Each structure stands twice: as C-alpha cells, then as structure tokens.
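Undergrad: Sharing final_12.pdb (PDB, C-alpha atoms) below.
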```pdb
ATOM      1  CA  MET A   1     -63.301 164.871  65.864
ATOM      2  CA  ILE A   2     -65.759 167.466  64.602
ATOM      3  CA  ASP A   3     -69.509 166.931  64.664
ATOM      4  CA  ILE A   4     -70.443 167.125  60.982
ATOM      5  CA  SER A   5     -74.176 167.127  60.321
ATOM      6  CA  ALA A   6     -76.344 167.279  57.221
ATOM      7  CA  GLU A   7     -77.421 170.772  58.311
ATOM      8  CA  LEU A   8     -73.792 171.941  58.353
ATOM      9  CA  VAL A   9     -73.299 170.544  54.851
ATOM     10  CA  ARG A  10     -76.460 172.311  53.608
ATOM     11  CA  THR A  11     -75.148 175.579  55.014
ATOM     12  CA  LEU A  12     -71.743 175.169  53.390
ATOM     13  CA  ILE A  13     -73.275 174.276  50.033
ATOM     14  CA  SER A  14     -75.797 177.122  50.094
ATOM     15  CA  SER A  15     -73.188 179.734  50.950
ATOM     16  CA  GLN A  16     -70.384 178.576  48.629
ATOM     17  CA  PHE A  17     -72.142 176.738  45.786
ATOM     18  CA  PRO A  18     -75.646 178.221  45.578
ATOM     19  CA  GLU A  19     -76.256 176.461  42.249
ATOM     20  CA  TRP A  20     -76.566 173.247  44.289
ATOM     21  CA  GLY A  21     -78.368 174.812  47.224
ATOM     22  CA  ASP A  22     -81.727 173.217  46.419
ATOM     23  CA  LEU A  23     -80.359 169.667  46.240
ATOM     24  CA  PRO A  24     -81.184 167.347  49.146
ATOM     25  CA  VAL A  25     -78.363 166.392  51.536
ATOM     26  CA  ARG A  26     -78.258 163.079  53.365
ATOM     27  CA  ALA A  27     -75.512 161.100  55.088
ATOM     28  CA  VAL A  28     -74.325 157.885  53.456
ATOM     29  CA  ASP A  29     -75.134 154.698  55.353
ATOM     30  CA  ARG A  30     -71.563 153.539  55.969
ATOM     31  CA  GLN A  31     -69.268 156.335  57.151
ATOM     32  CA  GLY A  32     -65.479 156.207  57.206
ATOM     33  CA  TRP A  33     -63.343 157.316  60.138
ATOM     34  CA  ASP A  34     -61.127 159.878  58.389
ATOM     35  CA  ASN A  35     -63.899 161.674  56.516
ATOM     36  CA  ARG A  36     -67.663 162.158  56.564
ATOM     37  CA  THR A  37     -69.548 161.721  53.320
ATOM     38  CA  PHE A  38     -72.983 163.022  52.324
ATOM     39  CA  ARG A  39     -75.062 162.554  49.198
ATOM     40  CA  LEU A  40     -75.814 165.802  47.402
ATOM     41  CA  GLY A  41     -78.733 165.120  45.125
ATOM     42  CA  ASP A  42     -78.421 162.019  42.966
ATOM     43  CA  ARG A  43     -75.104 162.677  41.220
ATOM     44  CA  LEU A  44     -72.808 164.317  43.764
ATOM     45  CA  THR A  45     -71.264 163.710  47.173
ATOM     46  CA  VAL A  46     -69.684 165.999  49.757
ATOM     47  CA  ARG A  47     -66.540 164.769  51.512
ATOM     48  CA  LEU A  48     -65.329 166.508  54.680
ATOM     49  CA  PRO A  49     -62.271 165.630  56.804
ATOM     50  CA  SER A  50     -63.304 164.715  60.346
ATOM     51  CA  ALA A  51     -60.155 166.099  61.987
ATOM     52  CA  GLU A  52     -57.110 168.191  61.103
ATOM     53  CA  GLY A  53     -54.898 165.151  60.622
ATOM     54  CA  TYR A  54     -56.948 164.030  57.623
ATOM     55  CA  VAL A  55     -56.998 167.325  55.730
ATOM     56  CA  ALA A  56     -53.805 166.665  53.784
ATOM     57  CA  ALA A  57     -55.153 163.382  52.399
ATOM     58  CA  VAL A  58     -58.278 165.015  50.985
ATOM     59  CA  THR A  59     -56.243 167.891  49.559
ATOM     60  CA  LYS A  60     -53.952 165.352  47.878
ATOM     61  CA  GLU A  61     -56.923 163.586  46.295
ATOM     62  CA  ASP A  62     -58.366 166.870  45.062
ATOM     63  CA  ARG A  63     -55.055 167.718  43.404
ATOM     64  CA  CYS A  64     -54.119 164.340  41.924
ATOM     65  CA  LEU A  65     -57.290 162.426  41.066
ATOM     66  CA  PRO A  66     -58.446 164.512  38.086
ATOM     67  CA  GLU A  67     -55.231 163.729  36.202
ATOM     68  CA  LEU A  68     -54.865 160.191  37.494
ATOM     69  CA  ALA A  69     -58.436 159.307  36.497
ATOM     70  CA  ARG A  70     -57.587 159.802  32.828
ATOM     71  CA  HIS A  71     -55.292 156.761  32.931
ATOM     72  CA  LEU A  72     -57.423 154.309  34.919
ATOM     73  CA  PRO A  73     -59.888 151.696  33.621
ATOM     74  CA  LEU A  74     -62.454 152.285  36.396
ATOM     75  CA  PRO A  75     -64.038 155.418  37.859
ATOM     76  CA  VAL A  76     -62.448 157.081  40.875
ATOM     77  CA  PRO A  77     -63.962 159.887  43.023
ATOM     78  CA  GLU A  78     -62.901 162.951  41.043
ATOM     79  CA  PRO A  79     -63.631 166.317  42.683
ATOM     80  CA  VAL A  80     -65.877 168.745  40.825
ATOM     81  CA  ALA A  81     -65.478 171.595  43.332
ATOM     82  CA  VAL A  82     -63.402 172.422  46.396
ATOM     83  CA  GLY A  83     -64.978 174.250  49.311
ATOM     84  CA  ALA A  84     -63.374 176.530  51.875
ATOM     85  CA  PRO A  85     -63.750 176.594  55.678
ATOM     86  CA  GLY A  86     -66.992 178.198  56.794
ATOM     87  CA  ALA A  87     -70.057 178.014  59.066
ATOM     88  CA  GLY A  88     -67.841 176.939  61.938
ATOM     89  CA  TYR A  89     -66.224 174.131  59.947
ATOM     90  CA  PRO A  90     -62.442 174.822  59.899
ATOM     91  CA  PHE A  91     -61.139 172.709  56.989
ATOM     92  CA  PRO A  92     -61.306 172.639  53.182
ATOM     93  CA  TRP A  93     -63.761 170.095  51.784
ATOM     94  CA  SER A  94     -64.795 168.873  48.365
ATOM     95  CA  VAL A  95     -67.744 168.003  46.159
ATOM     96  CA  ARG A  96     -67.275 164.849  44.085
ATOM     97  CA  ARG A  97     -69.166 162.744  41.622
ATOM     98  CA  TRP A  98     -71.315 160.015  43.118
ATOM     99  CA  LEU A  99     -70.079 156.558  42.134
ATOM    100  CA  PRO A 100     -72.872 153.960  42.142
ATOM    101  CA  GLY A 101     -72.354 150.512  43.613
ATOM    102  CA  GLU A 102     -71.872 148.903  47.009
ATOM    103  CA  THR A 103     -68.597 148.145  48.710
ATOM    104  CA  VAL A 104     -67.298 144.647  48.069
ATOM    105  CA  GLU A 105     -67.532 144.182  51.838
ATOM    106  CA  VAL A 106     -71.351 144.116  51.663
ATOM    107  CA  ALA A 107     -72.242 143.676  47.969
ATOM    108  CA  ALA A 108     -74.159 140.518  47.099
ATOM    109  CA  GLY A 109     -73.226 138.161  44.299
ATOM    110  CA  VAL A 110     -69.660 139.373  43.726
ATOM    111  CA  ASP A 111     -67.751 137.087  41.348
ATOM    112  CA  ARG A 112     -64.590 136.715  43.426
ATOM    113  CA  THR A 113     -62.525 135.220  40.630
ATOM    114  CA  ARG A 114     -63.408 138.082  38.327
ATOM    115  CA  LEU A 115     -62.751 140.539  41.156
ATOM    116  CA  ALA A 116     -59.237 139.125  41.613
ATOM    117  CA  ARG A 117     -58.524 139.515  37.907
ATOM    118  CA  ASP A 118     -60.121 142.944  37.504
ATOM    119  CA  LEU A 119     -58.443 144.348  40.604
ATOM    120  CA  GLY A 120     -55.078 143.063  39.410
ATOM    121  CA  ASP A 121     -55.663 144.760  36.059
ATOM    122  CA  PHE A 122     -56.627 148.025  37.777
ATOM    123  CA  LEU A 123     -53.478 148.027  39.912
ATOM    124  CA  THR A 124     -51.373 147.338  36.840
ATOM    125  CA  ARG A 125     -52.870 150.356  35.094
ATOM    126  CA  LEU A 126     -52.368 152.426  38.228
ATOM    127  CA  ARG A 127     -48.658 151.563  38.259
ATOM    128  CA  GLU A 128     -48.412 152.528  34.587
ATOM    129  CA  ALA A 129     -49.997 155.962  35.097
ATOM    130  CA  PRO A 130     -47.650 158.964  34.784
ATOM    131  CA  VAL A 131     -46.226 159.941  38.148
ATOM    132  CA  GLY A 132     -46.873 163.627  37.481
ATOM    133  CA  ARG A 133     -47.383 165.550  40.718
ATOM    134  CA  GLY A 134     -47.869 162.408  42.763
ATOM    135  CA  PRO A 135     -46.338 162.796  46.247
ATOM    136  CA  ALA A 136     -43.482 160.534  47.333
ATOM    137  CA  ALA A 137     -44.481 157.928  49.914
ATOM    138  CA  GLY A 138     -44.105 159.050  53.509
ATOM    139  CA  ARG A 139     -46.024 160.122  56.571
ATOM    140  CA  HIS A 140     -48.991 161.332  54.486
ATOM    141  CA  SER A 141     -49.458 157.749  53.182
ATOM    142  CA  TYR A 142     -48.885 156.200  56.620
ATOM    143  CA  PHE A 143     -45.627 155.006  55.042
ATOM    144  CA  ARG A 144     -47.422 152.814  52.524
ATOM    145  CA  GLY A 145     -45.235 152.837  49.449
ATOM    146  CA  CYS A 146     -42.121 152.875  51.633
ATOM    147  CA  HIS A 147     -40.173 149.780  52.644
ATOM    148  CA  PRO A 148     -42.021 147.654  55.253
ATOM    149  CA  SER A 149     -38.972 147.912  57.538
ATOM    150  CA  VAL A 150     -40.350 151.306  58.590
ATOM    151  CA  TYR A 151     -42.587 149.325  60.954
ATOM    152  CA  GLY A 152     -39.878 146.968  62.218
ATOM    153  CA  ASP A 153     -40.113 148.233  65.788
ATOM    154  CA  GLU A 154     -43.838 147.533  65.866
ATOM    155  CA  VAL A 155     -43.333 143.993  64.547
ATOM    156  CA  GLU A 156     -40.774 143.297  67.279
ATOM    157  CA  ALA A 157     -43.046 144.713  69.976
ATOM    158  CA  ALA A 158     -45.978 142.615  68.739
ATOM    159  CA  LEU A 159     -43.917 139.415  68.618
ATOM    160  CA  GLU A 160     -42.716 140.019  72.155
ATOM    161  CA  ARG A 161     -46.286 140.474  73.344
ATOM    162  CA  LEU A 162     -47.555 137.425  71.402
ATOM    163  CA  ALA A 163     -44.643 135.104  72.201
ATOM    164  CA  ASP A 164     -46.913 132.498  73.767
ATOM    165  CA  SER A 165     -49.711 132.602  71.181
ATOM    166  CA  VAL A 166     -48.124 132.780  67.704
ATOM    167  CA  ASP A 167     -45.383 130.933  65.856
ATOM    168  CA  VAL A 168     -42.686 133.530  66.417
ATOM    169  CA  ALA A 169     -40.064 131.687  64.361
ATOM    170  CA  ALA A 170     -42.366 131.461  61.335
ATOM    171  CA  CYS A 171     -43.260 135.143  61.661
ATOM    172  CA  ARG A 172     -39.608 136.118  61.822
ATOM    173  CA  THR A 173     -38.903 134.105  58.672
ATOM    174  CA  VAL A 174     -41.648 135.909  56.751
ATOM    175  CA  TRP A 175     -40.446 139.264  58.040
ATOM    176  CA  ALA A 176     -36.814 138.545  57.189
ATOM    177  CA  GLU A 177     -37.777 137.604  53.630
ATOM    178  CA  ALA A 178     -39.610 140.925  53.299
ATOM    179  CA  LEU A 179     -36.665 142.927  54.594
ATOM    180  CA  THR A 180     -34.125 141.410  52.202
ATOM    181  CA  THR A 181     -35.911 142.754  49.110
ATOM    182  CA  ALA A 182     -36.442 146.252  47.743
ATOM    183  CA  TRP A 183     -38.299 147.855  44.837
ATOM    184  CA  PRO A 184     -35.663 148.040  42.062
ATOM    185  CA  SER A 185     -37.505 150.243  39.580
ATOM    186  CA  ALA A 186     -38.669 153.826  39.332
ATOM    187  CA  PRO A 187     -41.367 154.746  41.885
ATOM    188  CA  THR A 188     -44.925 154.140  40.709
ATOM    189  CA  TRP A 189     -48.386 155.113  41.855
ATOM    190  CA  PHE A 190     -49.891 153.017  44.658
ATOM    191  CA  HIS A 191     -53.352 153.237  46.223
ATOM    192  CA  GLY A 192     -52.224 152.571  49.780
ATOM    193  CA  ASP A 193     -55.462 151.101  51.168
ATOM    194  CA  VAL A 194     -56.729 148.420  48.805
ATOM    195  CA  SER A 195     -59.470 146.880  50.936
ATOM    196  CA  VAL A 196     -63.012 145.594  50.499
ATOM    197  CA  GLY A 197     -64.356 148.842  51.932
ATOM    198  CA  ASN A 198     -62.692 150.870  49.179
ATOM    199  CA  LEU A 199     -63.782 148.740  46.219
ATOM    200  CA  LEU A 200     -67.264 149.224  44.741
ATOM    201  CA  ALA A 201     -69.147 146.467  42.939
ATOM    202  CA  ALA A 202     -72.272 146.396  40.777
ATOM    203  CA  ASP A 203     -73.841 143.413  39.032
ATOM    204  CA  GLY A 204     -71.262 141.173  40.674
ATOM    205  CA  ALA A 205     -68.234 142.987  39.243
ATOM    206  CA  LEU A 206     -65.754 145.637  40.353
ATOM    207  CA  CYS A 207     -67.059 149.000  39.138
ATOM    208  CA  ALA A 208     -65.044 151.710  40.963
ATOM    209  CA  VAL A 209     -62.178 152.274  43.395
ATOM    210  CA  ILE A 210     -62.472 154.928  46.109
ATOM    211  CA  ASP A 211     -60.516 156.557  48.967
ATOM    212  CA  PHE A 212     -57.092 157.486  47.639
ATOM    213  CA  GLY A 213     -56.203 159.283  50.865
ATOM    214  CA  SER A 214     -53.202 156.990  51.483
ATOM    215  CA  SER A 215     -52.025 157.024  47.868
ATOM    216  CA  GLY A 216     -48.693 158.222  46.598
ATOM    217  CA  VAL A 217     -45.658 157.306  44.554
ATOM    218  CA  GLY A 218     -43.257 154.603  45.666
ATOM    219  CA  ASP A 219     -43.157 150.813  46.030
ATOM    220  CA  PRO A 220     -46.497 149.242  44.966
ATOM    221  CA  ALA A 221     -46.058 146.119  47.129
ATOM    222  CA  CYS A 222     -48.345 147.535  49.825
ATOM    223  CA  ASP A 223     -51.308 147.243  47.434
ATOM    224  CA  LEU A 224     -51.064 143.436  47.368
ATOM    225  CA  VAL A 225     -52.074 142.778  50.990
ATOM    226  CA  ILE A 226     -55.649 142.048  49.919
ATOM    227  CA  ALA A 227     -54.288 138.741  48.592
ATOM    228  CA  TRP A 228     -54.344 137.493  52.185
ATOM    229  CA  ASN A 229     -57.040 139.578  53.867
ATOM    230  CA  HIS A 230     -59.741 138.803  51.301
ATOM    231  CA  PHE A 231     -58.834 136.327  48.572
ATOM    232  CA  THR A 232     -58.607 132.547  48.931
ATOM    233  CA  GLY A 233     -55.765 130.383  47.630
ATOM    234  CA  GLU A 234     -56.862 130.038  43.996
ATOM    235  CA  GLU A 235     -58.085 133.634  43.886
ATOM    236  CA  ARG A 236     -54.689 134.767  45.172
ATOM    237  CA  LYS A 237     -53.009 133.036  42.259
ATOM    238  CA  ILE A 238     -55.335 134.725  39.772
ATOM    239  CA  PHE A 239     -54.728 138.079  41.458
ATOM    240  CA  ARG A 240     -50.989 137.527  41.347
ATOM    241  CA  GLU A 241     -51.058 136.730  37.635
ATOM    242  CA  ALA A 242     -53.136 139.816  36.876
ATOM    243  CA  VAL A 243     -50.917 142.126  38.952
ATOM    244  CA  GLY A 244     -47.782 140.986  37.149
ATOM    245  CA  LEU A 245     -45.234 141.871  39.841
ATOM    246  CA  PRO A 246     -42.122 139.806  40.658
ATOM    247  CA  ASP A 247     -41.582 137.461  43.604
ATOM    248  CA  ASP A 248     -39.702 140.072  45.636
ATOM    249  CA  ALA A 249     -42.699 142.405  45.580
ATOM    250  CA  TRP A 250     -44.853 139.618  46.964
ATOM    251  CA  ARG A 251     -42.363 138.970  49.756
ATOM    252  CA  ARG A 252     -42.636 142.617  50.811
ATOM    253  CA  ALA A 253     -46.418 142.463  50.463
ATOM    254  CA  ARG A 254     -46.452 139.445  52.750
ATOM    255  CA  GLY A 255     -44.399 141.480  55.211
ATOM    256  CA  TRP A 256     -46.959 144.287  55.080
ATOM    257  CA  ALA A 257     -49.762 141.798  55.743
ATOM    258  CA  LEU A 258     -47.800 140.235  58.604
ATOM    259  CA  TRP A 259     -47.163 143.620  60.237
ATOM    260  CA  LYS A 260     -50.818 144.640  60.150
ATOM    261  CA  ALA A 261     -52.022 141.296  61.476
ATOM    262  CA  LEU A 262     -49.464 141.191  64.289
ATOM    263  CA  VAL A 263     -49.989 144.718  65.588
ATOM    264  CA  THR A 264     -53.761 144.247  65.526
ATOM    265  CA  VAL A 265     -53.752 140.862  67.258
ATOM    266  CA  ALA A 266     -51.285 142.215  69.821
ATOM    267  CA  GLY A 267     -53.572 145.149  70.606
ATOM    268  CA  LEU A 268     -51.096 147.740  69.325
ATOM    269  CA  SER A 269     -53.475 148.948  66.612
ATOM    270  CA  GLY A 270     -57.247 149.148  66.221
ATOM    271  CA  PRO A 271     -59.647 146.599  67.738
ATOM    272  CA  ASP A 272     -60.447 143.341  65.958
ATOM    273  CA  PRO A 273     -63.501 141.931  67.774
ATOM    274  CA  GLU A 274     -64.303 139.442  64.996
ATOM    275  CA  GLY A 275     -60.789 138.056  64.852
ATOM    276  CA  ARG A 276     -60.253 138.889  61.180
ATOM    277  CA  GLN A 277     -56.587 139.745  61.553
ATOM    278  CA  ARG A 278     -55.933 136.528  63.452
ATOM    279  CA  ARG A 279     -57.257 134.670  60.405
ATOM    280  CA  VAL A 280     -55.159 136.852  58.109
ATOM    281  CA  LEU A 281     -52.085 135.957  60.155
ATOM    282  CA  ASP A 282     -52.837 132.269  59.667
ATOM    283  CA  ARG A 283     -53.136 132.773  55.898
ATOM    284  CA  VAL A 284     -49.909 134.767  55.746
ATOM    285  CA  LEU A 285     -47.997 131.998  57.462
ATOM    286  CA  GLU A 286     -49.604 129.258  55.366
ATOM    287  CA  ASP A 287     -49.460 130.793  51.872
ATOM    288  CA  ALA A 288     -46.539 132.775  50.486
ATOM    289  CA  VAL A 289     -48.136 133.218  47.032
ATOM    290  CA  VAL A 290     -44.636 132.946  45.543
TER     291      VAL A 290
END
```
As structure tokens - that is how I would like this structure written.
TA:
Amino acid sequence: MIDISAELVRTLISSQFPEWGDLPVRAVDRQGWDNRTFRLGDRLTVRLPSAEGYVAAVTKEDRCLPELARHLPLPVPEPVAVGAPGAGYPFPWSVRRWLPGETVEVAAGVDRTRLARDLGDFLTRLREAPVGRGPAAGRHSYFRGCHPSVYGDEVEAALERLADSVDVAACRTVWAEALTTAWPSAPTWFHGDVSVGNLLAADGALCAVIDFGSSGVGDPACDLVIAWNHFTGEERKIFREAVGLPDDAWRRARGWALWKALVTVAGLSGPDPEGRQRRVLDRVLEDAVV
C-alpha cells in the first residue's frame, strides 16, 4: 500500500490541473481499501488506487462510466479528468464529480422499503444499458458476473472447516441449487459490489450508486446478494419484484451470498468481528426468496 496524503494530492493537482490548484484538498471521512478519496473543493473528488492491483478497476471506471451514466436513473461517479503518475505516485488517478449524500450504512432515516424498490429499479436499468465496451466478467471483477461455481473450492474448504458449527447439509443444498442454474440470456451489465457502503442516500432515499470497480458484463445474479446481507424478509420480496429476474437468478444469488458468508465465518476471507456474515448465513439458510 502507498501512503497517499492530502499534500501529495495537492501536488498532483497543481502540476497537472493548475486550474484547480487553488481548491482545498481534504480526505473523506470514510476511506475504502482499494482506493483513497479526497474532496477537491466543493464539487470534485480525487480518487487514487492504493496499490497496483487496483489500478485496472479505476481505469475501467474511467473508460466506462461516462457512457454508462447516460442510461442510469441515478448519478454515478463520472470522471471529469484523468491524471498521470507523478510526484512519486506511480499510478494513474482521476478527478470525479462529488456526489452528495451519506452511505446507506450510516445515513439516518433511510426508508428501507423505498430503498428496496429504488435499488431494484436501478439494477433493472443497469441490466438494460447497452453493453458497449463493458469488459466481460473475470479476474478484474473478482469473478462477479461469472458462475458462482468459480468459488466451489472455497465453499468446500469452508464447509470442511465449519463442519461442527454450521448445518453442512443445508449449505450443500443451497449450493447445489445454485450450481444447477445458469444465466440463459445475453450478458448484461452488473455492478459487482452492491453493498450499503456503495449506495448513497439523502432525505431518506437512494440518491447515487458508487464504486463500479468490480463491474462488468455477464450474469447479474451477483448483484442480488444485498437481499440477504441488508434487507429483511418483506423488503427482500419488494426488492425481488423490482429487480424482475427469474427464480434461477435468485438461486445463483443465494449461492453467492452463501459463499461469502461461509468463507468469512471460516476465516478464509476478511475478518468479521461483529459477526455480520454469521447472521447473513442464517438468513440465507432460512429464506430462499424464491
């Protein structure tokens, strides 16, 4: 990881975009892992990959978001300029429009029922957007948009490790149902990381969608996992109706949710000190949403 400071950002801006050189630079309060983000004045942000492995995702956003944004019902972080390596920083970076709002994760007064409906509508419009130069799902999307079987080895390893603490038979049933379906239509756009940290809300409603670093073109089932990791039973039904995808897509989505919960609970992925993925696993096993 590279140490990216506000002073570094000021230097990059002053040398490459002097028209913005007098604008104040300050780090945003909640930083992501893949990128560092800074406010540039009141209307812009600067987004810089934190390591080489994340450069391709930012480059993909810079290339695809301007066209994709024309077909979406909510704002997305369109780039207004792309910077080059400099001042000791080795990667390309971008300047984007600031999108007001707070993440759904921390925003107060969010109408969850409306969120379920509005998010479903957004994902429907995303699927309907022209594929254009969208990249096929693969390593760049962490295999989101591919078939969930790509992570079959990890599911088996997690079940072996958790044999005494989870209902292995129930997990295998969910996984088998996911593996016996496939996306039957032409590939569509998917976001790849639909989570409460990537959804912005204002006045209680969804107002923007951010972080398309895992996006691509493929099977959109991966975008439905939020049905279990955020929504409750009735909200899931509303979300399902708004999304408008068939039962088979939901079976694969349930498989995606199962994989993430299992590998996290088993300690094969990132830490989960608050036990969120354990609760997601319980919801996945209890509610098929089909």
Undergrad: Tell me which residues the PyMOL selection byres ((chain A and resi 264) around 12) grabs here, as number ranges by chain.
TA: A: 154-155, 157-159, 161-162, 257-263, 265-281
Undergrad: My list of candidates is A:Thr188, A:Thr59, A:Ser14, A:Gln31. Which is closest to A:Ala221 when distances are computed with all atoms listed in the file?
TA: A:Thr188
Undergrad: Please enumerate the residues selected by the PyMOL selection byres ((chain A and resi 104-114) around 10) when evaluated against the supplied file, formatted as number ranges by chain.
TA: A: 101-103, 115-120, 195-207, 230-232, 234-239
Undergrad: Here is a test: counting only C-alpha atoms, which residue of A:Val131, A:Leu40, A:Ala69, A:Ala81 is nearest to A:Asp22?
TA: A:Leu40
Undergrad: Using Å and a single decimal, report how far atom CA of A:Ala170 sits from atom CA of A:Ser214.
TA: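 Those two atoms sit 29.4 Å apart.
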Undergrad: Please write as a PDB file with C-alpha atoms, in the frame of the given file the full residue list that the PyMOL selection byres ((chain A and resi 190) around 6) yields on this file.
TA:
```
ATOM      1  CA  TRP A 189     -48.386 155.113  41.855  1.00  0.00           C
ATOM      2  CA  HIS A 191     -53.352 153.237  46.223  1.00  0.00           C
ATOM      3  CA  GLY A 192     -52.224 152.571  49.780  1.00  0.00           C
ATOM      4  CA  SER A 215     -52.025 157.024  47.868  1.00  0.00           C
ATOM      5  CA  GLY A 216     -48.693 158.222  46.598  1.00  0.00           C
ATOM      6  CA  PRO A 220     -46.497 149.242  44.966  1.00  0.00           C
TER       7      PRO A 220
END
```
